[in-house]
>>> print(open('final_17.csv').read())   # CSV, C-alpha atoms (C1' of nucleotides)
chain,number,residue,atom,x,y,z
A,1,MET,CA,7.6,5.1,-10.7
A,2,ARG,CA,7.2,1.5,-11.6
A,3,VAL,CA,4.7,-1.3,-11.3
A,4,SER,CA,6.1,-4.1,-9.1
A,5,SER,CA,6.5,-7.5,-10.8
A,6,LYS,CA,4.2,-8.7,-8.0
A,7,ALA,CA,1.4,-6.7,-9.5
A,8,HIS,CA,2.4,-7.7,-12.9
A,9,TYR,CA,2.2,-11.4,-12.0
A,10,GLY,CA,-1.1,-10.7,-10.4
A,11,LEU,CA,-2.4,-9.2,-13.6
A,12,ARG,CA,-1.1,-12.1,-15.7
A,13,MET,CA,-2.9,-14.5,-13.4
A,14,MET,CA,-6.0,-12.5,-13.6
A,15,THR,CA,-6.0,-12.7,-17.4
A,16,GLU,CA,-5.7,-16.4,-17.2
A,17,PHE,CA,-8.8,-16.4,-14.9
A,18,ALA,CA,-10.5,-14.2,-17.4
A,19,LYS,CA,-9.9,-16.6,-20.2
A,20,ALA,CA,-11.3,-19.4,-18.1
A,21,TYR,CA,-14.3,-17.4,-17.0
A,22,GLY,CA,-17.5,-19.4,-17.2
A,23,ALA,CA,-15.7,-22.8,-17.5
A,24,GLY,CA,-15.3,-23.6,-13.9
A,25,PRO,CA,-12.4,-22.7,-11.6
A,26,LEU,CA,-8.8,-22.6,-12.8
A,27,SER,CA,-6.1,-23.9,-10.5
A,28,ILE,CA,-3.0,-21.8,-9.8
A,29,ALA,CA,-0.9,-24.9,-10.7
A,30,GLU,CA,-2.3,-24.5,-14.2
A,31,VAL,CA,-1.6,-20.7,-14.1
A,32,ALA,CA,1.9,-21.4,-13.0
A,33,ARG,CA,2.4,-23.8,-15.9
A,34,VAL,CA,1.2,-21.6,-18.7
A,35,GLU,CA,2.6,-18.4,-17.4
A,36,HIS,CA,5.9,-19.8,-16.1
A,37,LEU,CA,5.5,-18.3,-12.7
A,38,PRO,CA,6.5,-19.7,-9.3
A,39,LEU,CA,3.5,-21.6,-7.9
A,40,ALA,CA,4.1,-20.9,-4.2
A,41,TYR,CA,4.3,-17.2,-4.9
A,42,LEU,CA,1.1,-17.2,-6.9
A,43,GLU,CA,-0.6,-18.8,-4.0
A,44,GLN,CA,0.0,-15.7,-2.0
A,45,LEU,CA,-1.1,-13.4,-4.7
A,46,ALA,CA,-4.2,-15.4,-5.3
A,47,SER,CA,-5.1,-15.1,-1.6
A,48,GLN,CA,-4.7,-11.4,-1.9
A,49,LEU,CA,-6.9,-11.2,-4.9
A,50,ARG,CA,-9.6,-13.3,-3.1
A,51,ARG,CA,-9.4,-11.1,0.0
A,52,GLY,CA,-9.7,-8.1,-2.4
A,53,GLY,CA,-12.9,-9.6,-3.7
A,54,LEU,CA,-11.8,-10.0,-7.3
A,55,VAL,CA,-11.9,-13.8,-7.4
A,56,GLU,CA,-13.5,-16.6,-5.4
A,57,SER,CA,-12.0,-19.9,-4.6
A,58,THR,CA,-13.1,-23.5,-4.6
A,59,ARG,CA,-11.0,-26.0,-2.7
A,60,GLY,CA,-10.4,-29.6,-3.3
A,61,VAL,CA,-9.7,-31.7,-6.3
A,62,HIS,CA,-11.3,-29.7,-9.1
A,63,GLY,CA,-10.9,-26.5,-7.3
A,64,GLY,CA,-9.2,-23.3,-8.3
A,65,TYR,CA,-10.2,-19.6,-8.7
A,66,ALA,CA,-12.7,-17.8,-10.8
A,67,LEU,CA,-13.5,-14.1,-11.3
A,68,THR,CA,-16.3,-12.8,-9.2
A,69,ARG,CA,-17.6,-10.8,-12.1
A,70,PRO,CA,-17.1,-10.7,-15.9
A,71,ALA,CA,-13.8,-9.7,-17.2
A,72,ASP,CA,-15.1,-6.6,-18.8
A,73,GLN,CA,-16.0,-5.3,-15.4
A,74,ILE,CA,-12.6,-5.7,-13.8
A,75,SER,CA,-10.1,-3.0,-14.7
A,76,VAL,CA,-6.3,-3.2,-14.4
A,77,LEU,CA,-6.6,-0.6,-11.7
A,78,ASP,CA,-8.7,-2.9,-9.6
A,79,VAL,CA,-6.0,-5.6,-9.8
A,80,VAL,CA,-3.1,-3.2,-9.2
A,81,THR,CA,-4.9,-1.6,-6.3
A,82,VAL,CA,-5.6,-4.9,-4.6
A,83,ILE,CA,-2.0,-6.0,-4.8
A,84,GLU,CA,-0.1,-2.8,-4.4
A,85,GLY,CA,-2.5,-0.7,-2.4
A,86,GLU,CA,-3.7,2.6,-3.7
A,87,VAL,CA,-1.6,3.9,-6.5
A,88,SER,CA,-0.5,7.3,-5.4
A,89,PRO,CA,2.8,9.1,-6.3
A,90,VAL,CA,3.0,10.8,-2.9
A,91,GLU,CA,1.2,10.3,0.4
A,92,CYS,CA,-0.6,13.7,0.4
A,93,VAL,CA,-2.7,12.8,-2.7
A,94,ALA,CA,-3.8,9.4,-1.4
A,95,HIS,CA,-7.5,8.9,-0.9
A,96,GLY,CA,-7.3,8.4,2.9
A,97,TYR,CA,-5.0,11.4,3.4
A,98,VAL,CA,-5.6,13.2,6.6
A,99,THR,CA,-5.4,17.0,6.2
A,100,GLY,CA,-2.6,18.4,8.3
A,101,THR,CA,-0.4,15.4,8.2
A,102,CYS,CA,2.0,17.1,5.9
A,103,LEU,CA,3.6,20.2,7.5
A,104,ARG,CA,4.1,21.9,4.2
A,105,GLU,CA,0.5,21.5,3.1
A,106,GLY,CA,-0.2,25.2,2.8
A,107,GLU,CA,2.8,26.2,0.9
A,108,CYS,CA,3.2,23.1,-1.2
A,109,ALA,CA,3.4,24.0,-4.9
A,110,SER,CA,3.8,20.5,-6.2
A,111,ARG,CA,0.7,19.0,-4.8
A,112,GLY,CA,-1.3,20.0,-7.9
A,113,LEU,CA,1.3,18.3,-10.0
A,114,TRP,CA,1.0,15.0,-8.0
A,115,MET,CA,-2.7,15.1,-8.2
A,116,ARG,CA,-2.6,15.5,-12.0
A,117,LEU,CA,-0.2,12.6,-12.1
A,118,LYS,CA,-2.4,10.4,-10.0
A,119,GLN,CA,-5.4,11.2,-12.1
A,120,SER,CA,-3.5,10.5,-15.2
A,121,ILE,CA,-2.3,7.1,-14.0
A,122,ASP,CA,-5.7,6.1,-12.6
A,123,ALA,CA,-7.3,7.0,-15.9
A,124,VAL,CA,-5.0,4.8,-18.0
A,125,LEU,CA,-5.3,1.9,-15.6
A,126,SER,CA,-9.0,2.1,-15.1
A,127,GLN,CA,-9.8,2.4,-18.8
A,128,THR,CA,-8.3,-1.0,-19.6
A,129,THR,CA,-10.2,-4.1,-18.5
A,130,LEU,CA,-9.2,-7.7,-18.3
A,131,ALA,CA,-11.5,-8.4,-21.2
A,132,GLU,CA,-9.5,-6.1,-23.4
A,133,LEU,CA,-6.2,-7.7,-22.4
A,134,VAL,CA,-7.6,-11.1,-23.3
A,135,ALA,CA,-8.9,-9.8,-26.6
A,136,ASP,CA,-5.5,-8.3,-27.5
A,137,GLN,CA,-3.9,-11.5,-26.6
A,138,SER,CA,-6.2,-13.5,-28.9
A,139,LEU,CA,-5.4,-11.1,-31.7
A,140,ILE,CA,-1.7,-11.6,-31.1
A,141,ASP,CA,-2.0,-15.4,-30.9
A,142,SER,CA,-3.9,-15.4,-34.2
A,143,MET,CA,-1.0,-13.7,-35.9
A,144,ALA,CA,1.7,-15.6,-34.1
A,145,PRO,CA,1.6,-19.0,-35.9
A,146,ALA,CA,3.0,-17.5,-39.1
A,147,GLU,CA,5.8,-15.9,-37.3
A,148,ALA,CA,6.4,-18.8,-34.9
A,149,SER,CA,6.9,-21.3,-37.7
A,150,ARG,CA,10.6,-20.4,-38.2
B,151,MET,CA,3.7,3.4,-8.5
B,152,ARG,CA,5.1,6.1,-6.4
B,153,VAL,CA,7.7,8.9,-6.5
B,154,SER,CA,10.5,8.3,-4.0
B,155,SER,CA,10.9,11.0,-1.4
B,156,LYS,CA,14.5,11.2,-2.7
B,157,ALA,CA,13.1,12.6,-6.0
B,158,HIS,CA,10.7,14.7,-4.1
B,159,TYR,CA,13.5,16.2,-2.1
B,160,GLY,CA,15.4,16.8,-5.3
B,161,LEU,CA,12.5,18.6,-6.8
B,162,ARG,CA,12.1,20.8,-3.7
B,163,MET,CA,15.8,21.7,-3.9
B,164,MET,CA,15.5,22.5,-7.5
B,165,THR,CA,12.6,24.9,-7.0
B,166,GLU,CA,14.8,26.7,-4.5
B,167,PHE,CA,17.6,26.9,-7.1
B,168,ALA,CA,15.0,28.1,-9.5
B,169,LYS,CA,13.9,30.9,-7.2
B,170,ALA,CA,17.5,32.0,-6.7
B,171,TYR,CA,18.3,31.8,-10.4
B,172,GLY,CA,20.3,34.8,-11.7
B,173,ALA,CA,21.2,35.9,-8.2
B,174,GLY,CA,24.4,33.8,-7.7
B,175,PRO,CA,24.7,30.3,-6.3
B,176,LEU,CA,22.6,29.1,-3.5
B,177,SER,CA,24.2,26.8,-0.9
B,178,ILE,CA,22.6,23.6,0.2
B,179,ALA,CA,22.9,24.8,3.8
B,180,GLU,CA,20.4,27.4,2.9
B,181,VAL,CA,18.2,24.9,1.1
B,182,ALA,CA,18.3,22.6,4.1
B,183,ARG,CA,17.3,25.6,6.3
B,184,VAL,CA,14.2,26.8,4.3
B,185,GLU,CA,13.0,23.3,3.2
B,186,HIS,CA,13.8,21.6,6.5
B,187,LEU,CA,15.6,18.8,4.9
B,188,PRO,CA,18.8,16.9,6.1
B,189,LEU,CA,21.8,18.7,4.8
B,190,ALA,CA,24.1,15.7,4.4
B,191,TYR,CA,21.4,14.0,2.3
B,192,LEU,CA,20.9,17.0,0.1
B,193,GLU,CA,24.7,17.0,-0.6
B,194,GLN,CA,24.3,13.6,-2.2
B,195,LEU,CA,21.3,14.7,-4.2
B,196,ALA,CA,22.9,17.9,-5.3
B,197,SER,CA,25.9,15.9,-6.6
B,198,GLN,CA,23.6,13.8,-8.6
B,199,LEU,CA,21.8,16.8,-10.1
B,200,ARG,CA,25.2,18.2,-11.0
B,201,ARG,CA,26.3,15.0,-12.7
B,202,GLY,CA,23.0,15.0,-14.5
B,203,GLY,CA,23.8,18.4,-15.9
B,204,LEU,CA,20.9,20.2,-14.3
B,205,VAL,CA,22.9,22.4,-12.0
B,206,GLU,CA,26.5,23.7,-11.8
B,207,SER,CA,28.4,24.2,-8.6
B,208,THR,CA,30.8,26.8,-7.2
B,209,ARG,CA,33.0,25.9,-4.3
B,210,GLY,CA,34.3,28.1,-1.6
B,211,VAL,CA,32.9,30.6,0.7
B,212,HIS,CA,30.1,32.1,-1.4
B,213,GLY,CA,29.6,28.9,-3.3
B,214,GLY,CA,26.6,26.8,-3.9
B,215,TYR,CA,24.6,25.6,-6.8
B,216,ALA,CA,22.8,27.3,-9.7
B,217,LEU,CA,20.6,25.9,-12.5
B,218,THR,CA,22.5,25.4,-15.8
B,219,ARG,CA,19.5,26.8,-17.7
B,220,PRO,CA,16.4,28.9,-17.0
B,221,ALA,CA,13.7,27.4,-14.8
B,222,ASP,CA,11.2,27.3,-17.6
B,223,GLN,CA,13.5,25.0,-19.6
B,224,ILE,CA,13.7,22.4,-16.9
B,225,SER,CA,10.8,20.0,-16.5
B,226,VAL,CA,9.9,17.9,-13.5
B,227,LEU,CA,10.6,14.9,-15.7
B,228,ASP,CA,14.2,16.1,-16.1
B,229,VAL,CA,14.6,16.2,-12.3
B,230,VAL,CA,12.9,12.9,-11.6
B,231,THR,CA,14.8,11.1,-14.4
B,232,VAL,CA,18.2,12.3,-13.1
B,233,ILE,CA,17.4,11.1,-9.6
B,234,GLU,CA,15.4,8.0,-10.1
B,235,GLY,CA,16.5,7.0,-13.6
B,236,GLU,CA,14.1,6.6,-16.4
B,237,VAL,CA,10.5,6.4,-15.3
B,238,SER,CA,9.2,3.2,-16.7
B,239,PRO,CA,6.4,1.0,-15.3
B,240,VAL,CA,8.0,-2.2,-16.5
B,241,GLU,CA,11.4,-3.0,-18.0
B,242,CYS,CA,10.1,-3.8,-21.5
B,243,VAL,CA,9.0,-0.3,-22.2
B,244,ALA,CA,12.1,1.4,-21.1
B,245,HIS,CA,14.1,3.4,-23.6
B,246,GLY,CA,17.1,1.2,-23.6
B,247,TYR,CA,15.2,-2.1,-23.8
B,248,VAL,CA,16.9,-4.7,-25.9
B,249,THR,CA,14.4,-6.7,-28.0
B,250,GLY,CA,14.3,-10.3,-27.0
B,251,THR,CA,15.1,-9.9,-23.3
B,252,CYS,CA,11.6,-10.6,-22.3
B,253,LEU,CA,10.6,-14.2,-23.2
B,254,ARG,CA,7.0,-13.3,-23.5
B,255,GLU,CA,7.5,-10.5,-25.9
B,256,GLY,CA,5.6,-11.9,-28.8
B,257,GLU,CA,2.5,-12.9,-26.8
B,258,CYS,CA,2.5,-10.1,-24.3
B,259,ALA,CA,-0.9,-8.4,-24.3
B,260,SER,CA,-0.2,-5.9,-21.6
B,261,ARG,CA,2.8,-4.2,-23.2
B,262,GLY,CA,0.6,-1.7,-25.0
B,263,LEU,CA,-1.0,-0.9,-21.7
B,264,TRP,CA,2.4,-0.2,-20.1
B,265,MET,CA,3.5,1.9,-23.0
B,266,ARG,CA,0.3,4.0,-22.7
B,267,LEU,CA,1.0,4.4,-19.0
B,268,LYS,CA,4.5,5.5,-19.5
B,269,GLN,CA,3.5,8.0,-22.1
B,270,SER,CA,0.9,9.4,-19.9
B,271,ILE,CA,3.2,9.8,-16.9
B,272,ASP,CA,5.9,11.3,-19.1
B,273,ALA,CA,3.4,13.7,-20.5
B,274,VAL,CA,2.3,15.0,-17.1
B,275,LEU,CA,5.9,15.3,-15.8
B,276,SER,CA,7.4,16.9,-18.8
B,277,GLN,CA,4.6,19.5,-19.2
B,278,THR,CA,5.3,21.0,-15.8
B,279,THR,CA,8.5,23.1,-15.5
B,280,LEU,CA,10.3,24.4,-12.4
B,281,ALA,CA,9.2,27.9,-13.4
B,282,GLU,CA,5.5,26.9,-13.1
B,283,LEU,CA,6.1,25.3,-9.7
B,284,VAL,CA,7.8,28.5,-8.5
B,285,ALA,CA,4.9,30.6,-9.9
B,286,ASP,CA,2.3,28.4,-8.1
B,287,GLN,CA,4.3,28.8,-4.9
B,288,SER,CA,4.3,32.6,-5.2
B,289,LEU,CA,0.6,32.6,-5.8
B,290,ILE,CA,0.1,30.5,-2.7
B,291,ASP,CA,2.4,32.6,-0.6
B,292,SER,CA,0.5,35.8,-1.6
B,293,MET,CA,-2.7,34.3,-0.3
B,294,ALA,CA,-1.2,32.7,2.8
B,295,PRO,CA,-0.7,35.8,5.1
B,296,ALA,CA,-4.5,36.2,5.5
B,297,GLU,CA,-4.9,32.6,6.4
B,298,ALA,CA,-1.7,32.3,8.5
B,299,SER,CA,-2.7,35.2,10.8
B,300,ARG,CA,-4.8,33.0,13.1
C,301,DA,C1',-8.0,-43.5,1.5
C,302,DT,C1',-5.7,-40.6,-1.4
C,303,DA,C1',-4.7,-37.1,-4.4
C,304,DA,C1',-5.5,-32.5,-5.7
C,305,DT,C1',-6.4,-28.3,-4.2
C,306,DT,C1',-6.6,-23.9,-1.4
C,307,DC,C1',-5.0,-21.6,2.9
C,308,DT,C1',-1.8,-19.8,6.3
C,309,DG,C1',2.1,-18.4,8.7
C,310,DA,C1',6.9,-18.4,9.0
C,311,DC,C1',11.1,-17.7,7.0
C,312,DC,C1',14.8,-15.6,4.1
C,313,DA,C1',17.9,-13.1,0.9
C,314,DT,C1',18.6,-9.1,-1.7
C,315,DG,C1',18.5,-4.4,-2.7
C,316,DA,C1',16.5,0.3,-2.4
C,317,DC,C1',15.7,4.0,0.4
C,318,DA,C1',16.9,7.4,3.6
C,319,DG,C1',20.0,8.8,5.9
C,320,DT,C1',24.8,9.7,8.8
C,321,DC,C1',29.6,10.4,9.2
C,322,DG,C1',34.4,11.6,8.4
C,323,DG,C1',37.5,13.8,6.0
C,324,DG,C1',39.4,16.0,1.8
C,325,DA,C1',39.6,19.8,-1.8
C,326,DT,C1',38.6,24.6,-3.0
C,327,DT,C1',37.9,29.3,-2.5
C,328,DC,C1',36.7,33.7,-0.2
C,329,DT,C1',37.8,36.9,3.6
C,330,DC,C1',40.4,38.8,7.0
D,331,DG,C1',48.6,32.6,5.7
D,332,DA,C1',44.7,31.3,8.9
D,333,DG,C1',40.0,30.3,9.1
D,334,DA,C1',35.7,29.6,7.7
D,335,DA,C1',32.4,28.3,4.4
D,336,DT,C1',31.5,25.5,0.9
D,337,DC,C1',31.4,21.5,-2.3
D,338,DC,C1',33.0,16.6,-2.9
D,339,DC,C1',33.3,11.7,-2.1
D,340,DG,C1',33.2,7.2,-0.3
D,341,DA,C1',31.9,4.3,3.4
D,342,DC,C1',28.7,2.9,6.6
D,343,DT,C1',24.0,1.8,8.6
D,344,DG,C1',19.2,0.7,9.9
D,345,DT,C1',14.7,-0.3,8.1
D,346,DC,C1',11.6,-1.8,4.9
D,347,DA,C1',9.5,-3.8,0.4
D,348,DT,C1',10.2,-7.1,-2.9
D,349,DG,C1',10.3,-11.6,-4.5
D,350,DG,C1',10.4,-15.4,-3.3
D,351,DT,C1',10.5,-20.5,-0.5
D,352,DC,C1',8.8,-24.0,2.7
D,353,DA,C1',6.0,-26.8,5.8
D,354,DG,C1',2.0,-28.2,7.1
D,355,DA,C1',-3.1,-27.8,7.8
D,356,DA,C1',-7.9,-27.8,5.9
D,357,DT,C1',-11.0,-29.1,2.3
D,358,DT,C1',-13.1,-31.8,-1.3
D,359,DA,C1',-13.7,-35.0,-5.5
D,360,DT,C1',-12.8,-39.7,-6.9
>>> encode(input="final_17.csv", output="structure tokens")
Amino acid sequence: MRVSSKAHYGLRMMTEFAKAYGAGPLSIAEVARVEHLPLAYLEQLASQLRRGGLVESTRGVHGGYALTRPADQISVLDVVTVIEGEVSPVECVAHGYVTGTCLREGECASRGLWMRLKQSIDAVLSQTTLAELVADQSLIDSMAPAEASR
Amino acid sequence: MRVSSKAHYGLRMMTEFAKAYGAGPLSIAEVARVEHLPLAYLEQLASQLRRGGLVESTRGVHGGYALTRPADQISVLDVVTVIEGEVSPVECVAHGYVTGTCLREGECASRGLWMRLKQSIDAVLSQTTLAELVADQSLIDSMAPAEASR
DNA sequence: ATAATTCTGACCATGACAGTCGGGATTCTC
DNA sequence: GAGAATCCCGACTGTCATGGTCAGAATTAT
């Protein structure tokens, strides 16, 4: 019951892309720098995000990545799904589940529980967008200077 | 973002114990039989559940395991927690988290998100008790014969 | 040309998961 | 007391996901 740090990294990268949205592509070298994450690893994640359609890339000298749509139209669920695959506590409540695969199907009492759980998780993750994360961060940053001056 | 089958097995075993509650201990051999789960593996899980205080054991010929409290006082969260440890999407929202461990603490915008997520998951899992799972199962069983007669 | 980028595939170390196995300790039943 | 049914425990194992690293190719601005 945890989010992989892979997905977490991906999300952090996406918030950086969100901040840079509209100002040309942002390189992962830059992301690695400000987020203190391993560059080679980010490369992989960025590729996944691109294949998932969340970002588009520009190669060459002033290249980098940019969101394919505004930050308020990309939810955390979108990001997590692209990186970790569908979030589903057990196989039998996944979207692509084929009826009959689970032998216990008929007599399974906990399926309802898992479905409620999945819905609950999906709800939280889909309600939060990258735009909100960025806004929260700005808020935090604006308070930070006072505290950081020790 | 998934529940291990280990925890799932544990839960299934617990519902069997719940059904047998009040009628003496239930052996894991019996559980393995009706749930079609590997006995040797269940032994390990049962030990964990005992160490976690959810069941108590009786050795010897008519031995087995029994819940330490009524099924309506044991939540799914209790079971999952004993087997998988605290359910927490990321380290920094875990119960025993030591402030300062995460370098980004101050400027982390997603922490609020993870806390909401954890709360949401905990809520779903703690609201469902073993008693309810058993009740659901009885309901299913009472409908099943008609359908099973094909 | 060269430097900055993305892109790709291969590689690797570690640990969790999902078991299996062997034998010991306890307790009921005969 | 012998045996059988149990729980108990530690060690072992194979497979897979995670969290990376690395080398080099392709692309593009300067």
>>> residues_around(input="final_17.csv", residues="D:DA347", least_positions_apart="3", cutoff="12 Å", atoms="all atoms listed in the file", output="PDB file with C-alpha atoms (C1' of nucleotides), in the coordinates of the input")
ATOM      1  CA  SER A   4       6.100  -4.100  -9.100  1.00  0.00           C
ATOM      2  CA  LYS A   6       4.200  -8.700  -8.000  1.00  0.00           C
ATOM      3  CA  GLU A  84      -0.100  -2.800  -4.400  1.00  0.00           C
TER       4      GLU A  84
ATOM      5  C1'  DT C 314      18.600  -9.100  -1.700  1.00  0.00           C
ATOM      6  C1'  DG C 315      18.500  -4.400  -2.700  1.00  0.00           C
ATOM      7  C1'  DA C 316      16.500   0.300  -2.400  1.00  0.00           C
ATOM      8  C1'  DC C 317      15.700   4.000   0.400  1.00  0.00           C
TER       9       DC C 317
END
>>> closest_residue(input="final_17.csv", among="B:Ser260, B:Thr165, B:Thr208, B:Ser238", to="chain C", atoms="all atoms listed in the file")
B:Thr208
>>> interface_residues(input="final_17.csv", of="chain C", to="chain B", cutoff="8 Å", atoms="all atoms listed in the file", output="PyMOL selection string")
chain C and resi 317-320+326-328
>>> closest_atom_pairs(input="final_17.csv", of="chain B", to="chain A", cutoff="7 Å", atoms="only C-alpha atoms", output="tab-separated table")
residue	atom	partner	partner_atom	distance
B:Met151	CA	A:Met1	CA	4.8
B:Arg152	CA	A:Pro89	CA	3.8
B:Val153	CA	A:Pro89	CA	4.9
B:Val237	CA	A:Met1	CA	5.6
B:Ser238	CA	A:Arg2	CA	5.7
B:Pro239	CA	A:Arg2	CA	3.8
B:Val240	CA	A:Arg2	CA	6.2
B:Glu257	CA	A:Ile140	CA	6.1
B:Cys258	CA	A:Gln137	CA	6.9
B:Ala259	CA	A:Gln137	CA	4.9
B:Ser260	CA	A:Leu133	CA	6.3
B:Leu267	CA	A:Val124	CA	6.1
B:Ser270	CA	A:Ser120	CA	6.5
B:Ile271	CA	A:Leu117	CA	6.5
B:Val274	CA	A:Leu117	CA	6.1
B:Leu283	CA	A:Ala109	CA	5.7
B:Asp286	CA	A:Ala109	CA	5.6
B:Gln287	CA	A:Ala109	CA	4.9
B:Ile290	CA	A:Glu107	CA	6.2
B:Asp291	CA	A:Glu107	CA	6.6
>>> write_last_selection(input="final_17.csv", atoms="C-alpha atoms", output="CSV table (one decimal), keeping the file's coordinate frame")
chain,number,residue,atom,x,y,z
B,151,MET,CA,3.7,3.4,-8.5
B,152,ARG,CA,5.1,6.1,-6.4
B,153,VAL,CA,7.7,8.9,-6.5
B,237,VAL,CA,10.5,6.4,-15.3
B,238,SER,CA,9.2,3.2,-16.7
B,239,PRO,CA,6.4,1.0,-15.3
B,240,VAL,CA,8.0,-2.2,-16.5
B,257,GLU,CA,2.5,-12.9,-26.8
B,258,CYS,CA,2.5,-10.1,-24.3
B,259,ALA,CA,-0.9,-8.4,-24.3
B,260,SER,CA,-0.2,-5.9,-21.6
B,267,LEU,CA,1.0,4.4,-19.0
B,270,SER,CA,0.9,9.4,-19.9
B,271,ILE,CA,3.2,9.8,-16.9
B,274,VAL,CA,2.3,15.0,-17.1
B,283,LEU,CA,6.1,25.3,-9.7
B,286,ASP,CA,2.3,28.4,-8.1
B,287,GLN,CA,4.3,28.8,-4.9
B,290,ILE,CA,0.1,30.5,-2.7
B,291,ASP,CA,2.4,32.6,-0.6
>>> interface_residues(input="final_17.csv", of="chain B", to="chain D", cutoff="12 Å", atoms="all atoms listed in the file", output="ChimeraX atom specification")
/B:175-180,190,192-198,200-201,206-215
>>> atom_distance(input="final_17.csv", atom1="atom C1' of C:DT329", atom2="atom CA of B:Arg219")
29.8 Å
>>> atom_distance(input="final_17.csv", atom1="atom CA of A:Leu54", atom2="atom CA of A:Ala20")
14.3 Å
>>> atom_distance(input="final_17.csv", atom1="atom CA of B:Val232", atom2="atom CA of B:Tyr159")
12.6 Å
>>> closest_residue(input="final_17.csv", among="B:Ser292, B:Cys242, B:Val248, B:Ser225", to="B:Ser276", atoms="all atoms listed in the file")
B:Ser225
>>> residues_around(input="final_17.csv", residues="B:Val205", least_positions_apart="6", cutoff="7 Å", atoms="all atoms listed in the file", output="PDB file with C-alpha atoms, keeping the file's coordinate frame")
ATOM      1  CA  LEU B 199      21.800  16.800 -10.100  1.00  0.00           C
ATOM      2  CA  TYR B 215      24.600  25.600  -6.800  1.00  0.00           C
ATOM      3  CA  ALA B 216      22.800  27.300  -9.700  1.00  0.00           C
ATOM      4  CA  LEU B 217      20.600  25.900 -12.500  1.00  0.00           C
ATOM      5  CA  THR B 218      22.500  25.400 -15.800  1.00  0.00           C
TER       6      THR B 218
END
>>> decode(input="final_17.csv", residues="stretch 153-164 of chain B", atoms="N, CA and C atoms", output="tab-separated table (two decimals), in the first residue's frame")
chain	number	residue	atom	x	y	z
B	153	VAL	N	-2.38	-4.17	-2.51
B	153	VAL	CA	-2.33	-4.99	-1.30
B	153	VAL	C	-1.64	-6.29	-1.68
B	154	SER	N	-0.66	-6.70	-0.94
B	154	SER	CA	0.05	-7.94	-1.24
B	154	SER	C	-0.90	-9.13	-1.09
B	155	SER	N	-0.61	-10.19	-1.84
B	155	SER	CA	-1.49	-11.35	-1.69
B	155	SER	C	-1.26	-11.97	-0.32
B	156	LYS	N	-0.12	-11.70	0.23
B	156	LYS	CA	0.16	-12.11	1.61
B	156	LYS	C	-0.93	-11.56	2.54
B	157	ALA	N	-1.17	-10.27	2.45
B	157	ALA	CA	-2.19	-9.65	3.28
B	157	ALA	C	-3.57	-10.17	2.91
B	158	HIS	N	-3.76	-10.40	1.63
B	158	HIS	CA	-5.04	-10.92	1.16
B	158	HIS	C	-5.29	-12.32	1.76
B	159	TYR	N	-4.27	-13.15	1.72
B	159	TYR	CA	-4.37	-14.48	2.32
B	159	TYR	C	-4.68	-14.36	3.80
B	160	GLY	N	-3.97	-13.46	4.44
B	160	GLY	CA	-4.17	-13.25	5.87
B	160	GLY	C	-5.61	-12.89	6.17
B	161	LEU	N	-6.16	-12.05	5.31
B	161	LEU	CA	-7.53	-11.61	5.50
B	161	LEU	C	-8.50	-12.78	5.31
B	162	ARG	N	-8.24	-13.58	4.32
B	162	ARG	CA	-9.10	-14.73	4.07
B	162	ARG	C	-9.05	-15.69	5.25
B	163	MET	N	-7.85	-15.89	5.75
B	163	MET	CA	-7.72	-16.76	6.92
B	163	MET	C	-8.49	-16.18	8.10
B	164	MET	N	-8.40	-14.88	8.28
B	164	MET	CA	-9.08	-14.25	9.40
B	164	MET	C	-10.60	-14.37	9.27
